[in-house]
$ cat my_file.pdb   # PDB, C-alpha atoms
MODEL        1
ATOM      1  CA  MET N 231      -3.618   2.472 -10.677
ATOM      2  CA  LEU N 232      -3.939   6.249 -10.390
ATOM      3  CA  ASN N 233      -6.171   8.495 -12.446
ATOM      4  CA  GLY N 234      -3.236  10.858 -13.058
ATOM      5  CA  THR N 235      -4.866  13.909 -11.503
ATOM      6  CA  GLY N 236      -3.284  15.678  -8.564
ATOM      7  CA  ILE N 237      -0.088  13.613  -8.580
ATOM      8  CA  ARG N 238       3.318  14.214 -10.172
ATOM      9  CA  ILE N 239       6.208  11.728 -10.115
ATOM     10  CA  PHE N 240       9.640  13.132 -10.976
ATOM     11  CA  ALA N 241      12.914  11.246 -11.428
ATOM     12  CA  GLY N 242      16.499  12.293 -10.847
ATOM     13  CA  THR N 243      19.369  10.919 -12.917
ATOM     14  CA  SER N 244      20.558   8.209 -10.507
ATOM     15  CA  HIS N 245      18.040   5.453 -11.391
ATOM     16  CA  PRO N 246      15.570   6.486 -14.145
ATOM     17  CA  GLN N 247      14.744   2.822 -14.915
ATOM     18  CA  LEU N 248      13.199   2.375 -11.467
ATOM     19  CA  ALA N 249      11.107   5.517 -11.922
ATOM     20  CA  GLU N 250       9.778   4.116 -15.221
ATOM     21  CA  ILE N 251       8.836   0.816 -13.546
ATOM     22  CA  ILE N 252       7.019   2.630 -10.729
ATOM     23  CA  CYS N 253       5.121   4.872 -13.144
ATOM     24  CA  ARG N 254       4.091   1.898 -15.313
ATOM     25  CA  ARG N 255       2.766   0.227 -12.158
ATOM     26  CA  LEU N 256       0.718   3.334 -11.379
ATOM     27  CA  GLY N 257      -0.384   4.040 -14.938
ATOM     28  CA  VAL N 258       1.065   7.564 -15.073
ATOM     29  CA  GLN N 259       3.863   9.258 -17.004
ATOM     30  CA  VAL N 260       7.129  10.395 -15.428
ATOM     31  CA  ALA N 261       6.685  14.147 -14.964
ATOM     32  CA  ARG N 262       8.913  16.410 -17.041
ATOM     33  CA  ALA N 263      11.974  17.939 -15.422
ATOM     34  CA  GLU N 264      15.344  18.997 -16.796
ATOM     35  CA  VAL N 265      18.369  18.120 -14.669
ATOM     36  CA  THR N 266      21.735  19.234 -16.040
ATOM     37  CA  GLN N 267      25.291  19.883 -14.850
ATOM     38  CA  SER N 268      27.107  23.140 -15.502
ATOM     39  CA  GLY N 269      30.734  23.300 -16.594
ATOM     40  CA  ILE N 270      31.900  23.681 -12.984
ATOM     41  CA  GLY N 271      29.758  20.792 -11.727
ATOM     42  CA  GLU N 272      26.753  22.692 -10.364
ATOM     43  CA  THR N 273      23.358  20.991 -10.664
ATOM     44  CA  ASN N 274      20.674  22.888 -12.565
ATOM     45  CA  VAL N 275      17.012  21.839 -12.249
ATOM     46  CA  ARG N 276      13.963  23.080 -14.147
ATOM     47  CA  ILE N 277      10.533  21.659 -13.355
ATOM     48  CA  ALA N 278       8.868  21.639 -16.790
ATOM     49  CA  GLU N 279       5.202  21.390 -15.722
ATOM     50  CA  SER N 280       2.918  22.855 -13.090
ATOM     51  CA  VAL N 281       2.921  21.245  -9.633
ATOM     52  CA  ARG N 282       0.659  23.789  -7.907
ATOM     53  CA  GLU N 283      -1.425  22.018  -5.212
ATOM     54  CA  ASP N 284      -0.207  18.614  -6.483
ATOM     55  CA  ASP N 285       1.013  15.593  -4.518
ATOM     56  CA  VAL N 286       4.638  15.348  -5.697
ATOM     57  CA  TYR N 287       6.957  12.312  -5.498
ATOM     58  CA  ILE N 288      10.653  12.636  -6.369
ATOM     59  CA  ILE N 289      12.593   9.424  -7.023
ATOM     60  CA  ASN N 290      16.377   9.438  -6.624
ATOM     61  CA  THR N 291      18.577   6.829  -4.976
ATOM     62  CA  GLY N 292      22.000   6.939  -3.317
ATOM     63  CA  CYS N 293      24.139   5.283  -5.977
ATOM     64  CA  GLY N 294      26.793   6.208  -8.545
ATOM     65  CA  ALA N 295      27.747   9.824  -7.943
ATOM     66  CA  VAL N 296      26.061   9.904  -4.518
ATOM     67  CA  ASN N 297      26.772  13.562  -3.779
ATOM     68  CA  THR N 298      25.356  14.627  -7.153
ATOM     69  CA  ALA N 299      22.234  12.491  -6.602
ATOM     70  CA  LEU N 300      21.723  14.009  -3.149
ATOM     71  CA  MET N 301      22.032  17.582  -4.410
ATOM     72  CA  GLU N 302      19.659  16.786  -7.292
ATOM     73  CA  LEU N 303      17.104  15.500  -4.798
ATOM     74  CA  CYS N 304      17.364  18.537  -2.509
ATOM     75  CA  ILE N 305      17.182  21.032  -5.385
ATOM     76  CA  MET N 306      14.188  19.245  -6.965
ATOM     77  CA  ILE N 307      12.383  19.246  -3.597
ATOM     78  CA  HIS N 308      13.110  22.956  -3.168
ATOM     79  CA  ALA N 309      12.000  23.738  -6.725
ATOM     80  CA  CYS N 310       8.669  21.969  -6.171
ATOM     81  CA  LYS N 311       8.233  23.600  -2.769
ATOM     82  CA  ILE N 312       8.533  27.146  -4.087
ATOM     83  CA  ALA N 313       6.299  26.157  -7.025
ATOM     84  CA  SER N 314       3.473  25.620  -4.480
ATOM     85  CA  ALA N 315       3.312  21.818  -4.436
ATOM     86  CA  LYS N 316       0.763  20.663  -1.844
ATOM     87  CA  ARG N 317       2.918  17.817  -0.486
ATOM     88  CA  ILE N 318       6.390  16.556  -1.417
ATOM     89  CA  THR N 319       7.577  12.997  -0.813
ATOM     90  CA  ALA N 320      11.159  11.914  -1.454
ATOM     91  CA  VAL N 321      11.440   8.305  -2.657
ATOM     92  CA  VAL N 322      15.019   7.282  -1.835
ATOM     93  CA  PRO N 323      15.351   3.466  -2.069
ATOM     94  CA  LEU N 324      18.985   3.577  -0.840
ATOM     95  CA  PHE N 325      19.432   6.312   1.762
ATOM     96  CA  PRO N 326      22.747   8.173   1.154
ATOM     97  CA  TYR N 327      25.415   7.899   3.857
ATOM     98  CA  ALA N 328      23.301   5.397   5.806
ATOM     99  CA  ARG N 329      26.414   3.692   7.206
ATOM    100  CA  GLN N 330      27.637   6.926   8.813
ATOM    101  CA  ASP N 331      24.878   6.788  11.426
ATOM    102  CA  LYS N 332      26.787   7.122  14.706
ATOM    103  CA  LYS N 333      29.800   8.766  16.298
ATOM    104  CA  ASP N 334      32.134   5.765  16.486
ATOM    105  CA  LYS N 335      35.345   7.696  17.127
ATOM    106  CA  SER N 336      36.485  11.128  18.252
ATOM    107  CA  ARG N 337      35.507  14.002  15.929
ATOM    108  CA  ALA N 338      33.610  11.652  13.594
ATOM    109  CA  PRO N 339      30.558  13.198  11.884
ATOM    110  CA  ILE N 340      27.074  11.650  11.956
ATOM    111  CA  THR N 341      26.575  12.226   8.244
ATOM    112  CA  ALA N 342      23.270  10.358   8.014
ATOM    113  CA  LYS N 343      21.801  12.961  10.366
ATOM    114  CA  LEU N 344      23.210  15.758   8.191
ATOM    115  CA  VAL N 345      21.627  14.203   5.080
ATOM    116  CA  ALA N 346      18.294  13.874   6.902
ATOM    117  CA  ASN N 347      18.452  17.572   7.832
ATOM    118  CA  MET N 348      19.290  18.554   4.241
ATOM    119  CA  ILE N 349      16.301  16.648   2.820
ATOM    120  CA  GLN N 350      13.944  17.963   5.477
ATOM    121  CA  LYS N 351      15.088  21.593   5.227
ATOM    122  CA  SER N 352      14.724  21.443   1.431
ATOM    123  CA  GLY N 353      10.968  21.151   1.981
ATOM    124  CA  CYS N 354      10.324  17.395   2.095
ATOM    125  CA  ASP N 355       7.110  16.330   3.865
ATOM    126  CA  HIS N 356       7.564  12.533   3.715
ATOM    127  CA  LEU N 357      10.391  10.106   2.979
ATOM    128  CA  ILE N 358       9.973   6.607   1.520
ATOM    129  CA  THR N 359      13.037   4.384   1.689
ATOM    130  CA  MET N 360      13.925   0.677   1.795
ATOM    131  CA  ASP N 361      15.654  -1.198   4.631
ATOM    132  CA  LEU N 362      17.690   1.436   6.432
ATOM    133  CA  HIS N 363      21.185   0.351   7.519
ATOM    134  CA  ALA N 364      20.269   1.131  11.130
ATOM    135  CA  SER N 365      16.796   1.751  12.510
ATOM    136  CA  GLN N 366      17.963   4.747  14.563
ATOM    137  CA  ILE N 367      18.140   6.758  11.301
ATOM    138  CA  GLN N 368      14.350   7.034  11.608
ATOM    139  CA  GLY N 369      14.985   9.241  14.647
ATOM    140  CA  PHE N 370      16.871  11.739  12.483
ATOM    141  CA  PHE N 371      13.575  12.789  10.865
ATOM    142  CA  ASP N 372      10.618  14.760  12.148
ATOM    143  CA  VAL N 373       8.684  13.799   8.995
ATOM    144  CA  PRO N 374       6.972  10.419   8.449
ATOM    145  CA  LEU N 375       9.298   7.762   7.053
ATOM    146  CA  TYR N 376       8.571   4.289   5.648
ATOM    147  CA  ALA N 377      11.266   1.611   5.830
ATOM    148  CA  GLU N 378      10.107  -1.993   5.434
ATOM    149  CA  PRO N 379      11.683  -5.295   4.422
ATOM    150  CA  SER N 380      11.210  -6.155   0.754
ATOM    151  CA  LEU N 381      12.229  -9.829   0.539
ATOM    152  CA  ILE N 382       9.584 -11.667   2.583
ATOM    153  CA  LEU N 383       7.258 -12.340  -0.344
ATOM    154  CA  TYR N 384      10.146 -13.841  -2.340
ATOM    155  CA  ILE N 385      11.055 -16.240   0.486
ATOM    156  CA  ARG N 386       7.414 -17.268   0.971
ATOM    157  CA  THR N 387       6.987 -18.115  -2.705
ATOM    158  CA  LYS N 388      10.409 -19.631  -3.531
ATOM    159  CA  PHE N 389      11.342 -21.688  -0.455
ATOM    160  CA  ASP N 390       9.905 -24.543   1.611
ATOM    161  CA  LEU N 391       9.597 -22.747   4.945
ATOM    162  CA  SER N 392       9.631 -25.997   6.933
ATOM    163  CA  ASN N 393      13.341 -26.397   6.136
ATOM    164  CA  VAL N 394      14.533 -22.763   6.203
ATOM    165  CA  VAL N 395      16.700 -20.974   8.744
ATOM    166  CA  ILE N 396      17.252 -17.208   8.561
ATOM    167  CA  VAL N 397      20.845 -16.264   9.369
ATOM    168  CA  SER N 398      22.234 -12.852  10.243
ATOM    169  CA  PRO N 399      25.878 -12.449   9.122
ATOM    170  CA  ASP N 400      26.598 -10.250  12.146
ATOM    171  CA  ALA N 401      25.109  -9.295  15.507
ATOM    172  CA  GLY N 402      24.222  -5.824  14.199
ATOM    173  CA  GLY N 403      21.691  -7.307  11.774
ATOM    174  CA  ALA N 404      20.122  -9.636  14.354
ATOM    175  CA  LYS N 405      17.017  -7.477  14.826
ATOM    176  CA  ARG N 406      16.335  -7.395  11.078
ATOM    177  CA  ALA N 407      16.836 -11.162  10.729
ATOM    178  CA  THR N 408      14.757 -12.085  13.795
ATOM    179  CA  SER N 409      11.915  -9.873  12.579
ATOM    180  CA  MET N 410      11.964 -11.650   9.226
ATOM    181  CA  ALA N 411      12.192 -15.096  10.870
ATOM    182  CA  ASP N 412       9.241 -14.274  13.144
ATOM    183  CA  ARG N 413       7.104 -13.167  10.211
ATOM    184  CA  LEU N 414       7.926 -16.328   8.296
ATOM    185  CA  GLY N 415       7.655 -18.615  11.331
ATOM    186  CA  VAL N 416      11.123 -20.128  10.821
ATOM    187  CA  ASP N 417      14.290 -20.640  12.894
ATOM    188  CA  PHE N 418      16.996 -18.045  13.346
ATOM    189  CA  ALA N 419      20.793 -18.113  13.716
ATOM    190  CA  LEU N 420      23.530 -15.489  13.694
ATOM    191  CA  PHE N 421      27.270 -14.998  13.372
ATOM    192  CA  HIS N 422      29.427 -13.104  15.803
ATOM    193  CA  LYS N 423      32.322 -11.572  13.909
ATOM    194  CA  GLU N 424      35.558  -9.905  14.926
ATOM    195  CA  ARG N 425      37.218  -7.434  12.553
ATOM    196  CA  LYS N 426      40.904  -6.669  12.163
ATOM    197  CA  LYS N 427      39.930  -3.459  10.350
ATOM    198  CA  ALA N 428      36.962  -2.048   8.408
ATOM    199  CA  ASN N 429      35.697  -4.380   5.637
ATOM    200  CA  GLU N 430      38.064  -7.170   6.772
ATOM    201  CA  VAL N 431      36.701  -9.952   8.985
ATOM    202  CA  SER N 432      39.171 -12.054  10.978
ATOM    203  CA  ARG N 433      36.920 -14.552  12.804
ATOM    204  CA  MET N 434      33.255 -15.634  12.723
ATOM    205  CA  VAL N 435      31.414 -17.771  15.274
ATOM    206  CA  LEU N 436      28.029 -19.337  14.403
ATOM    207  CA  VAL N 437      25.306 -19.264  17.073
ATOM    208  CA  GLY N 438      22.286 -21.482  16.347
ATOM    209  CA  GLU N 439      21.355 -24.832  14.766
ATOM    210  CA  VAL N 440      21.583 -24.987  10.957
ATOM    211  CA  LYS N 441      22.564 -28.572  10.085
ATOM    212  CA  GLY N 442      20.535 -30.065   7.230
ATOM    213  CA  LYS N 443      18.619 -26.840   6.569
ATOM    214  CA  VAL N 444      18.502 -24.265   3.785
ATOM    215  CA  ALA N 445      20.223 -21.170   5.179
ATOM    216  CA  ILE N 446      19.221 -17.711   3.985
ATOM    217  CA  LEU N 447      21.678 -14.994   4.947
ATOM    218  CA  VAL N 448      19.888 -11.639   5.134
ATOM    219  CA  ASP N 449      21.405  -8.172   5.290
ATOM    220  CA  ASP N 450      20.501  -4.640   4.284
ATOM    221  CA  MET N 451      23.423  -4.197   1.886
ATOM    222  CA  ALA N 452      26.279  -6.087   0.235
ATOM    223  CA  ASP N 453      29.409  -4.077  -0.539
ATOM    224  CA  THR N 454      32.510  -6.255  -0.976
ATOM    225  CA  CYS N 455      30.520  -9.438  -0.079
ATOM    226  CA  GLY N 456      33.435 -10.660   2.059
ATOM    227  CA  THR N 457      31.281 -11.172   5.158
ATOM    228  CA  LEU N 458      28.485 -12.971   3.273
ATOM    229  CA  CYS N 459      30.866 -15.322   1.460
ATOM    230  CA  LEU N 460      32.818 -16.115   4.625
ATOM    231  CA  ALA N 461      29.527 -16.798   6.404
ATOM    232  CA  ALA N 462      28.475 -19.149   3.563
ATOM    233  CA  HIS N 463      31.774 -21.035   3.974
ATOM    234  CA  HIS N 464      31.173 -21.493   7.713
ATOM    235  CA  LEU N 465      27.584 -22.567   7.076
ATOM    236  CA  ALA N 466      28.807 -25.238   4.646
ATOM    237  CA  GLU N 467      31.173 -26.496   7.322
ATOM    238  CA  ALA N 468      28.246 -26.561   9.784
ATOM    239  CA  GLY N 469      26.332 -28.899   7.458
ATOM    240  CA  VAL N 470      23.680 -26.752   5.766
ATOM    241  CA  GLU N 471      21.981 -28.160   2.689
ATOM    242  CA  LYS N 472      22.330 -24.917   0.694
ATOM    243  CA  SER N 473      23.186 -21.278   1.393
ATOM    244  CA  TYR N 474      21.550 -18.228  -0.150
ATOM    245  CA  ALA N 475      22.235 -14.544   0.467
ATOM    246  CA  MET N 476      19.462 -11.959   0.249
ATOM    247  CA  VAL N 477      20.246  -8.257   0.480
ATOM    248  CA  THR N 478      18.179  -5.183  -0.287
ATOM    249  CA  HIS N 479      20.976  -2.969  -1.599
ATOM    250  CA  GLY N 480      23.570  -4.601  -3.871
ATOM    251  CA  ILE N 481      26.410  -2.073  -3.868
ATOM    252  CA  LEU N 482      28.868  -4.768  -5.051
ATOM    253  CA  SER N 483      32.107  -2.798  -5.161
ATOM    254  CA  GLY N 484      35.603  -4.002  -6.047
ATOM    255  CA  ASN N 485      35.878  -7.761  -6.633
ATOM    256  CA  ALA N 486      32.518  -8.530  -5.020
ATOM    257  CA  LEU N 487      31.087 -10.409  -8.019
ATOM    258  CA  GLU N 488      34.180 -12.579  -8.410
ATOM    259  CA  THR N 489      34.087 -13.335  -4.689
ATOM    260  CA  VAL N 490      30.446 -14.434  -4.961
ATOM    261  CA  GLU N 491      31.159 -16.658  -7.988
ATOM    262  CA  LYS N 492      33.907 -18.516  -6.094
ATOM    263  CA  SER N 493      31.922 -18.782  -2.837
ATOM    264  CA  ALA N 494      29.733 -21.521  -1.355
ATOM    265  CA  LEU N 495      26.654 -19.396  -1.999
ATOM    266  CA  GLU N 496      24.018 -21.010  -4.184
ATOM    267  CA  LYS N 497      22.664 -17.601  -5.175
ATOM    268  CA  LEU N 498      22.992 -13.906  -4.301
ATOM    269  CA  ILE N 499      19.565 -12.240  -4.423
ATOM    270  CA  VAL N 500      19.430  -8.432  -4.477
ATOM    271  CA  THR N 501      16.764  -5.853  -5.286
ATOM    272  CA  ASN N 502      16.978  -3.112  -7.891
ATOM    273  CA  THR N 503      17.218  -0.199  -5.457
ATOM    274  CA  LEU N 504      20.412   0.366  -7.464
ATOM    275  CA  PRO N 505      20.827  -0.389 -11.202
ATOM    276  CA  GLN N 506      21.958  -4.032 -11.483
ATOM    277  CA  GLU N 507      21.906  -4.851 -15.212
ATOM    278  CA  GLU N 508      25.705  -4.836 -15.641
ATOM    279  CA  ASN N 509      26.324  -6.766 -12.422
ATOM    280  CA  GLN N 510      23.764  -9.428 -13.329
ATOM    281  CA  ALA N 511      25.402  -9.934 -16.726
ATOM    282  CA  ARG N 512      28.764 -10.547 -15.016
ATOM    283  CA  CYS N 513      27.600 -12.936 -12.272
ATOM    284  CA  LYS N 514      25.621 -16.149 -12.952
ATOM    285  CA  LYS N 515      24.800 -16.594  -9.267
ATOM    286  CA  MET N 516      23.026 -13.254  -9.043
ATOM    287  CA  GLU N 517      19.249 -12.742  -9.162
ATOM    288  CA  VAL N 518      17.449  -9.396  -9.022
ATOM    289  CA  ILE N 519      14.057  -8.790  -7.398
ATOM    290  CA  ASP N 520      12.108  -5.868  -8.841
ATOM    291  CA  ILE N 521      10.915  -3.616  -5.999
ATOM    292  CA  GLY N 522       9.282  -1.146  -8.406
ATOM    293  CA  PRO N 523       5.771  -2.625  -7.877
ATOM    294  CA  VAL N 524       6.208  -2.431  -4.089
ATOM    295  CA  LEU N 525       7.299   1.206  -4.192
ATOM    296  CA  GLY N 526       4.517   1.950  -6.676
ATOM    297  CA  GLU N 527       1.931   0.486  -4.315
ATOM    298  CA  VAL N 528       3.406   2.452  -1.385
ATOM    299  CA  ILE N 529       3.074   5.653  -3.443
ATOM    300  CA  ARG N 530      -0.520   4.788  -4.402
ATOM    301  CA  ARG N 531      -1.503   4.126  -0.793
ATOM    302  CA  SER N 532       0.275   7.253   0.412
ATOM    303  CA  HIS N 533      -1.526   9.360  -2.210
ATOM    304  CA  TYR N 534      -4.954   8.037  -1.254
ATOM    305  CA  GLY N 535      -4.298   8.009   2.495
ATOM    306  CA  GLU N 536      -4.489   4.224   2.822
ATOM    307  CA  SER N 537      -2.546   2.103   5.328
ATOM    308  CA  ILE N 538       1.004   1.329   4.238
ATOM    309  CA  SER N 539       1.816  -1.086   7.061
ATOM    310  CA  LYS N 540      -0.932  -3.421   5.813
ATOM    311  CA  LEU N 541       0.913  -3.755   2.520
ATOM    312  CA  PHE N 542       3.704  -5.758   4.126
ATOM    313  CA  ASN N 543       1.311  -8.201   5.749
ATOM    314  CA  GLU N 544      -0.486  -8.968   2.496
ATOM    315  CA  VAL N 545       0.751 -11.229  -0.298
ATOM    316  CA  PRO N 546      -0.713  -9.552  -3.418
ATOM    317  CA  TYR N 547       0.700  -6.317  -4.749
TER     318      TYR N 547
ENDMDL
END

$ encode --input "my_file.pdb" --output "structure tokens"
Amino acid sequence: MLNGTGIRIFAGTSHPQLAEIICRRLGVQVARAEVTQSGIGETNVRIAESVREDDVYIINTGCGAVNTALMELCIMIHACKIASAKRITAVVPLFPYARQDKKDKSRAPITAKLVANMIQKSGCDHLITMDLHASQIQGFFDVPLYAEPSLILYIRTKFDLSNVVIVSPDAGGAKRATSMADRLGVDFALFHKERKKANEVSRMVLVGEVKGKVAILVDDMADTCGTLCLAAHHLAEAGVEKSYAMVTHGILSGNALETVEKSALEKLIVTNTLPQEENQARCKKMEVIDIGPVLGEVIRRSHYGESISKLFNEVPY
């Protein structure tokens, strides 16, 4: 818990509930700021209290109207910068445009790099985010960045690790899944998938031994959930005892919830980096992990200059 002096935590409009959870964890109030939209769609920001020589944290995530949330974040950072804040940290649980992280075809933009430049040029000193889509995004920043898995504690406390296998639904997520499996001391498997076109998988091949085990599919985000549900079907055919899916960012667009309900998945576990109340009410198989306490502890340690990496090797927070 913080003593409330020298720190200000502001929230944009994208996920105010998460900001409230973080501030309750820290024992401080959400700092006052007015964020409005003009008639032509411009974002207006007014910081309603002094931030001079304060350690400022601005919480806004990449969901809903993503472009609006991004502009809010940049304008709030700039407003605090010119108001003489000592240090400004952007807390962005879901990094906007994270999937546009490479030039995969001619004349394609690397939008994640552009977003990184926008945040940095606005006056941001640090960035705190959760499970980046690709680790190379860290290279887009010259400022310190914290991106750590948020599901390990849940697996340790909810599953019998002697019978668990961590499964990556595609080769691209193999590094994330192997890192998690190594930390937990469990086996690892992965799927190789071939796509006919974006968001449509034509064929999946399982690599690894899963028969008789509890399979936990891990990924950074779930959009349409087609890949996860197809992977769960193949795992059932391979003889797993049960299949779970754990993702940090539950985007859940289109018919994703209906697809999950009809799938072989025992449960879809997501975090609240995006608001999930409506989705949870519509899907019985869905469970939400609150990452507010984790982010709150990261902010506390950052404010006091304590090690953040230690946090993810300790059970209590």

$ atom_distance --input "my_file.pdb" --atom1 "CA of Ser539 in chain N" --atom2 "CA of Asp355 in chain N"
18.5 Å

$ closest_atom_pairs --input "my_file.pdb" --of "range 267-379 of chain N" --to "range 481-496 of chain N" --cutoff "10 Å" --atoms "only C-alpha atoms" --output "JSON lines"
{"residue": "N:Cys293", "atom": "CA", "partner": "N:Ile481", "partner_atom": "CA", "distance": 8.0}
{"residue": "N:Gly294", "atom": "CA", "partner": "N:Ile481", "partner_atom": "CA", "distance": 9.5}
{"residue": "N:Leu324", "atom": "CA", "partner": "N:Ile481", "partner_atom": "CA", "distance": 9.8}

$ atom_distance --input "my_file.pdb" --atom1 "CA of Pro339 in chain N" --atom2 "CA of Ile288 in chain N"
27.0 Å

$ residues_near_point --input "my_file.pdb" --point "(10.1, 19.0, 2.6)" --cutoff "10 Å" --atoms "all atoms listed in the file" --output "ChimeraX atom specification"
/N:304,307-308,310-311,317-320,347-357,373

$ closest_residue --input "my_file.pdb" --among "N:Arg276, N:Lys335, N:Lys443, N:Lys316" --to "Leu391 in chain N" --atoms "only C-alpha atoms"
N:Lys443

$ atom_distance --input "my_file.pdb" --atom1 "CA of Thr291 in chain N" --atom2 "CA of Leu381 in chain N"
18.7 Å

$ resolve_selection --input "my_file.pdb" --expression "the PyMOL selection byres ((chain N and resi 500) around 7)" --output "count of residues only"
12

$ axis_aligned_box --input "my_file.pdb" --around "range 396-412 of chain N" --padding-each-side "4 Å" --output "AutoDock Vina command-line options"
--center_x 17.9 --center_y -11.5 --center_z 12.0 --size_x 25.4 --size_y 19.4 --size_z 14.9

$ closest_residue --input "my_file.pdb" --among "N:Pro399, N:Ser336, N:Phe421, N:Lys497" --to "Gly456 in chain N" --atoms "all atoms listed in the file"
N:Pro399

$ closest_atom_pairs --input "my_file.pdb" --of "range 457-535 of chain N" --to "range 246-258 of chain N" --cutoff "12 Å" --atoms "only C-alpha atoms" --output "CSV"
residue,atom,partner,partner_atom,distance
N:Thr501,CA,N:Leu248,CA,10.9
N:Asn502,CA,N:Leu248,CA,7.6
N:Thr503,CA,N:Leu248,CA,7.7
N:Leu504,CA,N:Leu248,CA,8.5
N:Pro505,CA,N:Gln247,CA,7.8
N:Gln506,CA,N:Gln247,CA,10.5
N:Glu507,CA,N:Gln247,CA,10.5
N:Ile519,CA,N:Leu248,CA,11.9
N:Asp520,CA,N:Leu248,CA,8.7
N:Ile521,CA,N:Leu248,CA,8.4
N:Gly522,CA,N:Ile252,CA,5.0
N:Pro523,CA,N:Arg255,CA,6.0
N:Val524,CA,N:Ile252,CA,8.4
N:Leu525,CA,N:Ile252,CA,6.7
N:Gly526,CA,N:Ile252,CA,4.8
N:Glu527,CA,N:Leu256,CA,7.7
N:Val528,CA,N:Ile252,CA,10.0
N:Ile529,CA,N:Leu256,CA,8.6
N:Arg530,CA,N:Leu256,CA,7.2
N:Arg531,CA,N:Leu256,CA,10.8
N:His533,CA,N:Leu256,CA,11.2

$ closest_residue --input "my_file.pdb" --among "N:Leu414, N:Met451, N:Val395, N:Ala407" --to "Lys472 in chain N" --atoms "all atoms listed in the file"
N:Val395

$ residues_around --input "my_file.pdb" --residues "Val322 in chain N" --least-positions-apart "4" --cutoff "7 Å" --atoms "only C-alpha atoms" --output "list in words"
Ile289, Asn290, Thr291, Ile358 and Thr359 of chain N

$ write_last_selection --input "my_file.pdb" --atoms "C-alpha atoms" --output "mmCIF file, in the frame of the given file"
data_model
loop_
_atom_site.group_PDB
_atom_site.id
_atom_site.type_symbol
_atom_site.label_atom_id
_atom_site.label_comp_id
_atom_site.auth_asym_id
_atom_site.auth_seq_id
_atom_site.Cartn_x
_atom_site.Cartn_y
_atom_site.Cartn_z
ATOM 1 C CA ILE N 289 12.593 9.424 -7.023
ATOM 2 C CA ASN N 290 16.377 9.438 -6.624
ATOM 3 C CA THR N 291 18.577 6.829 -4.976
ATOM 4 C CA ILE N 358 9.973 6.607 1.520
ATOM 5 C CA THR N 359 13.037 4.384 1.689
#

$ residues_around --input "my_file.pdb" --residues "Ile239 in chain N" --least-positions-apart "4" --cutoff "6 Å" --atoms "only C-alpha atoms" --output "PyMOL selection string"
chain N and resi 260-261+286-288

$ write_last_selection --input "my_file.pdb" --atoms "C-alpha atoms" --output "PDB file, in the coordinates of the input"
ATOM      1  CA  VAL N 260       7.129  10.395 -15.428  1.00  0.00           C
ATOM      2  CA  ALA N 261       6.685  14.147 -14.964  1.00  0.00           C
ATOM      3  CA  VAL N 286       4.638  15.348  -5.697  1.00  0.00           C
ATOM      4  CA  TYR N 287       6.957  12.312  -5.498  1.00  0.00           C
ATOM      5  CA  ILE N 288      10.653  12.636  -6.369  1.00  0.00           C
TER       6      ILE N 288
END

$ resolve_selection --input "my_file.pdb" --expression "the PyMOL selection byres ((chain N and resi 283) around 7)" --output "list in words"
Val281, Arg282, Asp284, Asp285, Ser314, Ala315 and Lys316 of chain N

$ residues_around --input "my_file.pdb" --residues "range 262-270 of chain N" --least-positions-apart "4" --cutoff "10 Å" --atoms "only C-alpha atoms" --output "PDB file with C-alpha atoms, keeping the file's coordinate frame"
ATOM      1  CA  ARG N 238       3.318  14.214 -10.172  1.00  0.00           C
ATOM      2  CA  ILE N 239       6.208  11.728 -10.115  1.00  0.00           C
ATOM      3  CA  PHE N 240       9.640  13.132 -10.976  1.00  0.00           C
ATOM      4  CA  ALA N 241      12.914  11.246 -11.428  1.00  0.00           C
ATOM      5  CA  GLY N 242      16.499  12.293 -10.847  1.00  0.00           C
ATOM      6  CA  THR N 243      19.369  10.919 -12.917  1.00  0.00           C
ATOM      7  CA  ASN N 274      20.674  22.888 -12.565  1.00  0.00           C
ATOM      8  CA  VAL N 275      17.012  21.839 -12.249  1.00  0.00           C
ATOM      9  CA  ARG N 276      13.963  23.080 -14.147  1.00  0.00           C
ATOM     10  CA  ILE N 277      10.533  21.659 -13.355  1.00  0.00           C
ATOM     11  CA  ALA N 278       8.868  21.639 -16.790  1.00  0.00           C
ATOM     12  CA  GLU N 279       5.202  21.390 -15.722  1.00  0.00           C
ATOM     13  CA  SER N 280       2.918  22.855 -13.090  1.00  0.00           C
ATOM     14  CA  THR N 298      25.356  14.627  -7.153  1.00  0.00           C
ATOM     15  CA  GLU N 302      19.659  16.786  -7.292  1.00  0.00           C
ATOM     16  CA  ILE N 305      17.182  21.032  -5.385  1.00  0.00           C
ATOM     17  CA  MET N 306      14.188  19.245  -6.965  1.00  0.00           C
TER      18      MET N 306
END

$ closest_residue --input "my_file.pdb" --among "N:Met360, N:Ala475, N:Val470, N:Val440" --to "Cys455 in chain N" --atoms "all atoms listed in the file"
N:Ala475

$ residues_near_point --input "my_file.pdb" --point "(27.8, -7.9, 16.9)" --cutoff "7 Å" --atoms "all atoms listed in the file" --output "list in words"
Asp400, Ala401, Gly402, His422 and Lys423 of chain N

$ closest_residue --input "my_file.pdb" --among "N:Ala313, N:Leu303, N:Cys459, N:Ala419" --to "Ala346 in chain N" --atoms "all atoms listed in the file"
N:Leu303

$ residues_around --input "my_file.pdb" --residues "Ile340 in chain N" --least-positions-apart "2" --cutoff "12 Å" --atoms "only C-alpha atoms" --output "list in words"
Tyr327, Ala328, Arg329, Gln330, Asp331, Lys332, Lys333, Asp334, Lys335, Ser336, Arg337, Ala338, Ala342, Lys343, Leu344, Val345, Ala346, Asn347, Gln366, Ile367 and Phe370 of chain N
